[in-house]
Amino acid sequence: MSIVVNSLSYSHPDREVLFENLGLSVAAGEKAALVGNNGTGKSTLLQLIAGRLQPFGGEIILPEKPYFVPQHLGQYDNASVAGLLGVDRKLLALRAILDGDVSADPFTRLNDDWEIEDRVRAALAHWHLEHINPFQAMKSLSGGEKTKVFLAGILVHSPGVILLDEPSNHLDAESRESLYGFIRKTKATVLVVSHDRTLLNHLDTTLELSPGGIEVFGGNYEFYREQKEGKLNALQSQLDESEKTLKQARQKAREVAEQRRKQEARGQKQGQKQALPRIVAGNLKRQAEQSTAKLKDVHNEKIEEITDHLKQIRRQIQEHLVLSIDLRKSDLHRGKILIEAEEVNFSYGDRLLWPSPLSFQVRSGDRIRIEGRNGSGKTTLLHLMTGALPPSAGRMYVGNFQHVFIDQEYSILNGRHTVLEQVQQFNTRRLAEHDLKMLLHHYQFSREMWDRTCEGLSGGEKMKLTLCCLAVMNNTPDLLILDEPTNNLDLHSQEVLTSAVRNYSGSVLVISHDRYFINEVGIDATIALD
């Protein structure tokens with residue numbers, strides 16, 4: 001069951017062209033990753049292949065309707081689990097038959113699928129969702145549970161083509177391992193959009209989507225990264241060689257210009273000695289000037305050509321390089337107690353969230369990970385630690401310090417503000433507008449983006465704008481709180497964030513199932529939730 005895309009074109013509703021004449025092919029049984037920077041259209045391409053969107057041109061050839069696991073799940077909150085899986089009518093029909101209904105309608109709806117209820121139960125159990133009723137509302141589930149319901153649908157329907165858009169988002173470590181195991185074993189054709197490096201290393205082929213089209217790398221993420229590094233080194237060599245060539249071309253142009261100037265001067269003197277007629281001398285002068293101008297144009301054209309080539313190389317190198325972001329140092333002395341919990345617990349109704357109460361300290365300079373399964377109360381604990389929620393039991397001391405909470409939605413940004421307005425709102429350092437614009441340029445926000453609203457930014461752009469806002473604040477936060485910060489970020493943006501957090505000197509509290517990110521930012525302690 002292969003996937004073939006020929007000459008595909010698509011434009012946004014505002015008629016901005018996202019891509020055109022795009023082509024790709026995924027062979028039957030192949031497992032391929034679709035990677036690229038935020039905004040290049042990876043999720044859109046997946047939706048086009050899934051039939052959720054209609055292309056403006058081209059064709060998509062599929063042997064059957066693919067099974068699609070979307071990235072954003074909130075739009076399904078009003079559906080039931082069974083409705084989402086597309087089995088609600090069959091389950092109701094089966095129940096009606098078992099209750100004694102002998103009319104034709106339930107038998108028609110069931111369509112001899114007598115094992116549907118067993119398959120649904122087995123699929124949910126595979127993802128540790130035994131506690132979920134098939135007719136339970138999706139809005140009652142956590143983000144991880146919603147993702148696992150979609151993944152359970154693969155076991156229910158056994159599709160030949162599977163499209164996964166950020167499938168490991170919201171999944172805990174155990175569920176991620178189950179996902180990796182499934183992808184290794186399945187014989188279906190799989191196309192994945194993901195920024196989970198571990199997942200990407202389980203795939204056979206990497207397809208990179210960029211404004212120039214799709215480039216195929218015949219290997220997993222590590223192979224892809226090595227190839228990209230090799231390309232960066234080659235570009236750097238081209239840059240060095242082109243700069244050398246430009247320098248030589250400019251020197252040659254100066255030498256030729258000087259030679260022509262001397263020849264013209266000698267010719268002028270010789271003409272004066274020979275007392276040439278004025279008209280003849282004038283013609284000789286014009287010929288010399290025309291010859292000089294023509295030669296100058298040739299050299300200028302060559303220099304301009306080399307300069308344009310240099311600009312293209314620098315632009316490509318800039319796309320590969322990781323943006324350097326330095327958050328300023330916190331003023332707090334190392335070791336100051338910021339948060340202290342003594343036998344803390346929290347309850348929803350009569351049920352305590354944690355079987356054992358929590359006791360811990362967070363001191364200035366600490367880098368702590370909060371670890372636990374989906375639904376174990378990780379985000380709730382963060383709200384307790386910032387004073388946003390009171391504990392139901394025990395004592396939670398929250399000291400006097402500044403913190404910034406960066407969640408998965410980057411909700412510290414105001415979606416109605418433009419990029420420039422957002423930075424101005426955080427500008428407690430009172431930087432001049434010129435300085436703010438220079439800073440935005442450094443954070444890779446071009447002049448054309450300053451008037452875009454924040455709600456229209458990609459995940460990576462929101463992350464970089466958030467870090468830019470922190471840079472213009474008068475006081476750097478003493479505590480940086482990150483809730484699944486690498487979700488929805490492209491690989492390049494993940495490197496930017498990882499570098500910024502790694503170099504940040506303040507305290508860090510992080511919830512993340514991204515093992516690479518956790519290892520890179522230097523976590524030194526863990527609060528484990530049962």
# chains A, B, ... in the order shown; residues from 1 in each chain; ligands from 1

$ residues_around --residues "segment 116-131 of chain A" --least-positions-apart "6" --cutoff "8 Å" --atoms "only C-alpha atoms" --output "list of chain:residue names"
A:Val87, A:Lys90, A:Leu91, A:Glu145, A:Lys148, A:Val149, A:Ala152, A:Gly153, A:Leu155, A:Val156, A:Ser175, A:Ser178

$ residues_around --residues "segment 355-371 of chain A" --least-positions-apart "3" --cutoff "6 Å" --atoms "only C-alpha atoms" --output "short mmCIF file (atom, residue, chain, number, x, y, z; two decimals) with all heavy atoms, in the first residue's frame"
data_model
loop_
_atom_site.label_atom_id
_atom_site.label_comp_id
_atom_site.auth_asym_id
_atom_site.auth_seq_id
_atom_site.Cartn_x
_atom_site.Cartn_y
_atom_site.Cartn_z
N ARG A 334 22.80 31.55 44.78
CA ARG A 334 22.58 30.11 44.64
C ARG A 334 22.27 29.48 46.00
O ARG A 334 22.91 29.79 47.00
CB ARG A 334 23.81 29.44 44.03
CG ARG A 334 23.59 28.00 43.64
CD ARG A 334 24.79 27.44 42.89
NE ARG A 334 24.54 26.08 42.43
CZ ARG A 334 23.95 25.77 41.29
NH1 ARG A 334 23.54 26.73 40.50
NH2 ARG A 334 23.76 24.51 40.94
N GLY A 335 21.28 28.58 46.03
CA GLY A 335 20.95 27.85 47.24
C GLY A 335 19.78 28.40 48.03
O GLY A 335 19.32 27.76 48.99
N LYS A 336 19.25 29.57 47.64
CA LYS A 336 18.10 30.12 48.35
C LYS A 336 16.87 29.24 48.14
O LYS A 336 16.59 28.79 47.03
CB LYS A 336 17.79 31.54 47.85
CG LYS A 336 16.56 32.15 48.50
CD LYS A 336 16.25 33.52 47.94
CE LYS A 336 14.96 34.08 48.55
NZ LYS A 336 14.61 35.42 48.02
N ILE A 337 16.12 28.97 49.23
CA ILE A 337 14.92 28.14 49.11
C ILE A 337 13.82 28.93 48.40
O ILE A 337 13.39 29.99 48.87
CB ILE A 337 14.43 27.67 50.50
CG1 ILE A 337 15.47 26.76 51.16
CG2 ILE A 337 13.10 26.93 50.36
CD1 ILE A 337 15.07 26.31 52.56
N LEU A 338 13.39 28.41 47.26
CA LEU A 338 12.30 29.04 46.51
C LEU A 338 10.96 28.39 46.85
O LEU A 338 9.95 29.09 47.01
CB LEU A 338 12.56 28.91 45.00
CG LEU A 338 13.90 29.45 44.48
CD1 LEU A 338 13.98 29.26 42.96
CD2 LEU A 338 14.07 30.92 44.84
N ILE A 339 10.95 27.07 46.92
CA ILE A 339 9.71 26.32 47.17
C ILE A 339 10.03 25.19 48.14
O ILE A 339 11.06 24.52 48.01
CB ILE A 339 9.15 25.73 45.85
CG1 ILE A 339 8.87 26.82 44.82
CG2 ILE A 339 7.87 24.93 46.12
CD1 ILE A 339 8.62 26.29 43.42
N GLU A 340 9.12 24.99 49.10
CA GLU A 340 9.29 23.87 50.03
C GLU A 340 7.93 23.22 50.26
O GLU A 340 6.96 23.90 50.61
CB GLU A 340 9.88 24.33 51.36
CG GLU A 340 10.19 23.17 52.30
CD GLU A 340 10.96 23.62 53.52
OE1 GLU A 340 10.74 24.76 53.98
OE2 GLU A 340 11.81 22.85 54.01
N ALA A 341 7.87 21.91 50.02
CA ALA A 341 6.63 21.16 50.22
C ALA A 341 6.80 20.20 51.39
O ALA A 341 7.81 19.49 51.46
CB ALA A 341 6.28 20.38 48.95
N GLU A 342 5.80 20.18 52.28
CA GLU A 342 5.79 19.25 53.41
C GLU A 342 4.49 18.46 53.39
O GLU A 342 3.42 19.02 53.62
CB GLU A 342 5.93 20.01 54.73
CG GLU A 342 7.27 20.70 54.92
CD GLU A 342 7.36 21.41 56.26
OE1 GLU A 342 6.35 21.40 57.02
OE2 GLU A 342 8.42 21.99 56.56
N GLU A 343 4.59 17.17 53.04
CA GLU A 343 3.45 16.26 53.04
C GLU A 343 2.27 16.82 52.22
O GLU A 343 1.11 16.77 52.64
CB GLU A 343 2.99 15.97 54.49
CG GLU A 343 4.05 15.36 55.37
CD GLU A 343 4.41 13.95 54.93
OE1 GLU A 343 3.48 13.13 54.76
OE2 GLU A 343 5.61 13.67 54.76
N VAL A 344 2.58 17.34 51.06
CA VAL A 344 1.57 18.01 50.23
C VAL A 344 0.78 16.99 49.40
O VAL A 344 1.33 16.02 48.88
CB VAL A 344 2.24 19.04 49.31
CG1 VAL A 344 1.29 19.48 48.19
CG2 VAL A 344 2.69 20.25 50.11
N ASN A 345 -0.52 17.24 49.27
CA ASN A 345 -1.36 16.45 48.37
C ASN A 345 -2.47 17.35 47.85
O ASN A 345 -2.68 18.46 48.35
CB ASN A 345 -1.95 15.22 49.07
CG ASN A 345 -2.08 14.03 48.11
OD1 ASN A 345 -2.43 14.21 46.95
ND2 ASN A 345 -1.80 12.83 48.62
N GLY A 506 19.60 30.52 35.80
CA GLY A 506 18.62 30.45 36.88
C GLY A 506 18.13 29.02 37.13
O GLY A 506 18.69 28.04 36.64
N SER A 507 17.05 28.91 37.91
CA SER A 507 16.48 27.61 38.25
C SER A 507 15.51 27.16 37.16
O SER A 507 14.89 27.99 36.50
CB SER A 507 15.75 27.70 39.59
OG SER A 507 16.57 28.30 40.57
N VAL A 508 15.39 25.84 37.01
CA VAL A 508 14.53 25.28 35.96
C VAL A 508 13.67 24.18 36.56
O VAL A 508 14.16 23.29 37.26
CB VAL A 508 15.37 24.69 34.81
CG1 VAL A 508 14.46 24.01 33.78
CG2 VAL A 508 16.20 25.77 34.14
N LEU A 509 12.36 24.26 36.29
CA LEU A 509 11.41 23.18 36.56
C LEU A 509 10.85 22.74 35.22
O LEU A 509 10.34 23.57 34.46
CB LEU A 509 10.26 23.65 37.45
CG LEU A 509 10.45 23.67 38.96
CD1 LEU A 509 9.20 24.26 39.61
CD2 LEU A 509 10.70 22.27 39.49
N VAL A 510 10.93 21.47 34.91
CA VAL A 510 10.50 21.04 33.58
C VAL A 510 9.69 19.75 33.65
O VAL A 510 10.03 18.82 34.38
CB VAL A 510 11.72 20.89 32.64
CG1 VAL A 510 12.71 19.88 33.18
CG2 VAL A 510 11.29 20.50 31.24
N ILE A 511 8.61 19.73 32.87
CA ILE A 511 7.88 18.51 32.57
C ILE A 511 8.18 18.18 31.11
O ILE A 511 7.92 19.00 30.22
CB ILE A 511 6.36 18.68 32.74
CG1 ILE A 511 5.99 18.94 34.20
CG2 ILE A 511 5.62 17.45 32.23
CD1 ILE A 511 4.53 19.29 34.40
N ILE A 523 19.52 18.41 33.75
CA ILE A 523 18.67 18.15 34.92
C ILE A 523 19.48 17.44 35.99
O ILE A 523 20.19 16.48 35.72
CB ILE A 523 17.45 17.30 34.50
CG1 ILE A 523 16.57 18.08 33.52
CG2 ILE A 523 16.65 16.89 35.73
CD1 ILE A 523 16.03 19.38 34.04
N ASP A 524 19.37 17.93 37.25
CA ASP A 524 20.16 17.32 38.33
C ASP A 524 19.31 16.67 39.42
O ASP A 524 19.85 16.12 40.37
CB ASP A 524 21.11 18.35 38.95
CG ASP A 524 20.42 19.65 39.34
OD1 ASP A 524 19.24 19.60 39.73
OD2 ASP A 524 21.06 20.71 39.25
N ALA A 525 17.97 16.74 39.31
CA ALA A 525 17.10 16.09 40.30
C ALA A 525 15.75 15.80 39.66
O ALA A 525 15.37 16.42 38.65
CB ALA A 525 16.92 16.97 41.53
N THR A 526 15.02 14.85 40.23
CA THR A 526 13.72 14.45 39.70
C THR A 526 12.71 14.34 40.83
O THR A 526 13.01 13.80 41.89
CB THR A 526 13.82 13.10 38.97
OG1 THR A 526 14.72 13.22 37.88
CG2 THR A 526 12.46 12.65 38.45
N ILE A 527 11.51 14.87 40.59
CA ILE A 527 10.37 14.63 41.47
C ILE A 527 9.48 13.63 40.75
O ILE A 527 8.88 13.95 39.72
CB ILE A 527 9.58 15.92 41.77
CG1 ILE A 527 10.48 16.94 42.49
CG2 ILE A 527 8.34 15.63 42.60
CD1 ILE A 527 9.83 18.30 42.68
N ALA A 528 9.43 12.40 41.25
CA ALA A 528 8.69 11.33 40.59
C ALA A 528 7.30 11.20 41.20
O ALA A 528 7.16 11.11 42.42
CB ALA A 528 9.44 10.01 40.70
#

$ select_by_dssp --residues "segment 478-510 of chain A" --states "strand (DSSP E or B)" --output "VMD selection string"
chain A and resid 479 to 483 507 to 510

$ write_last_selection --atoms "all heavy atoms" --output "PDB file, in the first residue's frame"
ATOM      1  N   LEU A 479      13.092  31.679  38.097  1.00  0.00           N
ATOM      2  CA  LEU A 479      12.689  30.295  37.860  1.00  0.00           C
ATOM      3  C   LEU A 479      11.991  30.193  36.511  1.00  0.00           C
ATOM      4  O   LEU A 479      11.027  30.916  36.238  1.00  0.00           O
ATOM      5  CB  LEU A 479      11.743  29.826  38.971  1.00  0.00           C
ATOM      6  CG  LEU A 479      11.164  28.411  38.850  1.00  0.00           C
ATOM      7  CD1 LEU A 479      12.277  27.369  38.896  1.00  0.00           C
ATOM      8  CD2 LEU A 479      10.146  28.156  39.971  1.00  0.00           C
ATOM      9  N   LEU A 480      12.488  29.301  35.677  1.00  0.00           N
ATOM     10  CA  LEU A 480      11.900  29.050  34.372  1.00  0.00           C
ATOM     11  C   LEU A 480      11.138  27.730  34.461  1.00  0.00           C
ATOM     12  O   LEU A 480      11.712  26.690  34.779  1.00  0.00           O
ATOM     13  CB  LEU A 480      13.014  28.947  33.327  1.00  0.00           C
ATOM     14  CG  LEU A 480      12.661  29.103  31.851  1.00  0.00           C
ATOM     15  CD1 LEU A 480      11.992  30.432  31.593  1.00  0.00           C
ATOM     16  CD2 LEU A 480      13.925  28.971  31.009  1.00  0.00           C
ATOM     17  N   ILE A 481       9.818  27.792  34.218  1.00  0.00           N
ATOM     18  CA  ILE A 481       8.967  26.612  34.318  1.00  0.00           C
ATOM     19  C   ILE A 481       8.529  26.214  32.908  1.00  0.00           C
ATOM     20  O   ILE A 481       7.946  27.018  32.182  1.00  0.00           O
ATOM     21  CB  ILE A 481       7.734  26.882  35.203  1.00  0.00           C
ATOM     22  CG1 ILE A 481       8.177  27.329  36.596  1.00  0.00           C
ATOM     23  CG2 ILE A 481       6.856  25.646  35.301  1.00  0.00           C
ATOM     24  CD1 ILE A 481       7.028  27.742  37.496  1.00  0.00           C
ATOM     25  N   LEU A 482       8.811  24.978  32.535  1.00  0.00           N
ATOM     26  CA  LEU A 482       8.559  24.509  31.176  1.00  0.00           C
ATOM     27  C   LEU A 482       7.683  23.265  31.216  1.00  0.00           C
ATOM     28  O   LEU A 482       8.040  22.270  31.843  1.00  0.00           O
ATOM     29  CB  LEU A 482       9.883  24.175  30.480  1.00  0.00           C
ATOM     30  CG  LEU A 482      10.954  25.270  30.488  1.00  0.00           C
ATOM     31  CD1 LEU A 482      12.290  24.716  30.038  1.00  0.00           C
ATOM     32  CD2 LEU A 482      10.537  26.424  29.590  1.00  0.00           C
ATOM     33  N   ASP A 483       6.526  23.333  30.561  1.00  0.00           N
ATOM     34  CA  ASP A 483       5.601  22.203  30.511  1.00  0.00           C
ATOM     35  C   ASP A 483       5.579  21.651  29.087  1.00  0.00           C
ATOM     36  O   ASP A 483       4.998  22.236  28.181  1.00  0.00           O
ATOM     37  CB  ASP A 483       4.196  22.653  30.937  1.00  0.00           C
ATOM     38  CG  ASP A 483       3.238  21.483  31.122  1.00  0.00           C
ATOM     39  OD1 ASP A 483       3.638  20.339  30.849  1.00  0.00           O
ATOM     40  OD2 ASP A 483       2.089  21.716  31.536  1.00  0.00           O
ATOM     41  N   SER A 507      17.053  28.912  37.907  1.00  0.00           N
ATOM     42  CA  SER A 507      16.479  27.614  38.251  1.00  0.00           C
ATOM     43  C   SER A 507      15.514  27.165  37.156  1.00  0.00           C
ATOM     44  O   SER A 507      14.891  27.987  36.496  1.00  0.00           O
ATOM     45  CB  SER A 507      15.745  27.703  39.586  1.00  0.00           C
ATOM     46  OG  SER A 507      16.571  28.299  40.573  1.00  0.00           O
ATOM     47  N   VAL A 508      15.390  25.839  37.007  1.00  0.00           N
ATOM     48  CA  VAL A 508      14.532  25.279  35.964  1.00  0.00           C
ATOM     49  C   VAL A 508      13.666  24.180  36.559  1.00  0.00           C
ATOM     50  O   VAL A 508      14.158  23.294  37.262  1.00  0.00           O
ATOM     51  CB  VAL A 508      15.368  24.691  34.806  1.00  0.00           C
ATOM     52  CG1 VAL A 508      14.460  24.012  33.780  1.00  0.00           C
ATOM     53  CG2 VAL A 508      16.204  25.771  34.137  1.00  0.00           C
ATOM     54  N   LEU A 509      12.355  24.264  36.286  1.00  0.00           N
ATOM     55  CA  LEU A 509      11.410  23.178  36.559  1.00  0.00           C
ATOM     56  C   LEU A 509      10.849  22.743  35.217  1.00  0.00           C
ATOM     57  O   LEU A 509      10.344  23.570  34.457  1.00  0.00           O
ATOM     58  CB  LEU A 509      10.256  23.648  37.449  1.00  0.00           C
ATOM     59  CG  LEU A 509      10.450  23.669  38.960  1.00  0.00           C
ATOM     60  CD1 LEU A 509       9.201  24.258  39.609  1.00  0.00           C
ATOM     61  CD2 LEU A 509      10.697  22.266  39.491  1.00  0.00           C
ATOM     62  N   VAL A 510      10.927  21.469  34.910  1.00  0.00           N
ATOM     63  CA  VAL A 510      10.503  21.042  33.583  1.00  0.00           C
ATOM     64  C   VAL A 510       9.691  19.754  33.649  1.00  0.00           C
ATOM     65  O   VAL A 510      10.033  18.822  34.384  1.00  0.00           O
ATOM     66  CB  VAL A 510      11.718  20.889  32.636  1.00  0.00           C
ATOM     67  CG1 VAL A 510      12.707  19.877  33.185  1.00  0.00           C
ATOM     68  CG2 VAL A 510      11.288  20.496  31.236  1.00  0.00           C
TER      69      VAL A 510
END

$ atom_distance --atom1 "atom CA of Phe182 of chain A" --atom2 "atom CA of Gly144 of chain A"
16.8 Å

$ atom_distance --atom1 "atom CA of Ser411 of chain A" --atom2 "atom CA of Val69 of chain A"
24.7 Å

$ closest_residue --among "A:Gln422, A:Thr498, A:Asn300, A:Thr466" --to "Thr453 of chain A" --atoms "only C-alpha atoms"
A:Gln422

$ closest_residue --among "A:Gly456, A:Pro391, A:Lys139, A:Asp451" --to "Gly415 of chain A" --atoms "only C-alpha atoms"
A:Gly456

$ select_by_dssp --residues "segment 34-205 of chain A" --states "alpha helix (DSSP H)" --output "ChimeraX atom specification"
/A:42-50,81-85,88-98,104-110,116-126,143-157,173-185,197-200

$ residues_around --residues "Leu470 of chain A" --least-positions-apart "2" --cutoff "12 Å" --atoms "only C-alpha atoms" --output "ChimeraX atom specification"
/A:325-330,402-406,412-413,422-429,439,443,463-468,472-480,500,504

$ residues_around --residues "segment 12-17 of chain A" --least-positions-apart "5" --cutoff "12 Å" --atoms "only C-alpha atoms" --output "compact mmCIF listing (two decimals) with C-alpha atoms, in the first residue's frame"
# COMPACT_ATOMS: atom_id res chain seq x y z
CA LEU A 22 5.29 18.93 -4.93
CA GLY A 39 5.57 26.81 8.58
CA THR A 40 6.76 24.73 5.62
CA GLY A 41 3.45 22.84 5.52
CA THR A 44 -1.02 20.57 5.83
CA LEU A 53 -8.04 19.29 2.77
CA GLN A 54 -8.39 19.61 -1.00
CA PRO A 55 -5.35 20.53 -3.14
CA PHE A 56 -5.44 23.29 -5.73
CA GLY A 57 -3.68 21.05 -8.23
CA PRO A 211 10.25 25.95 0.21
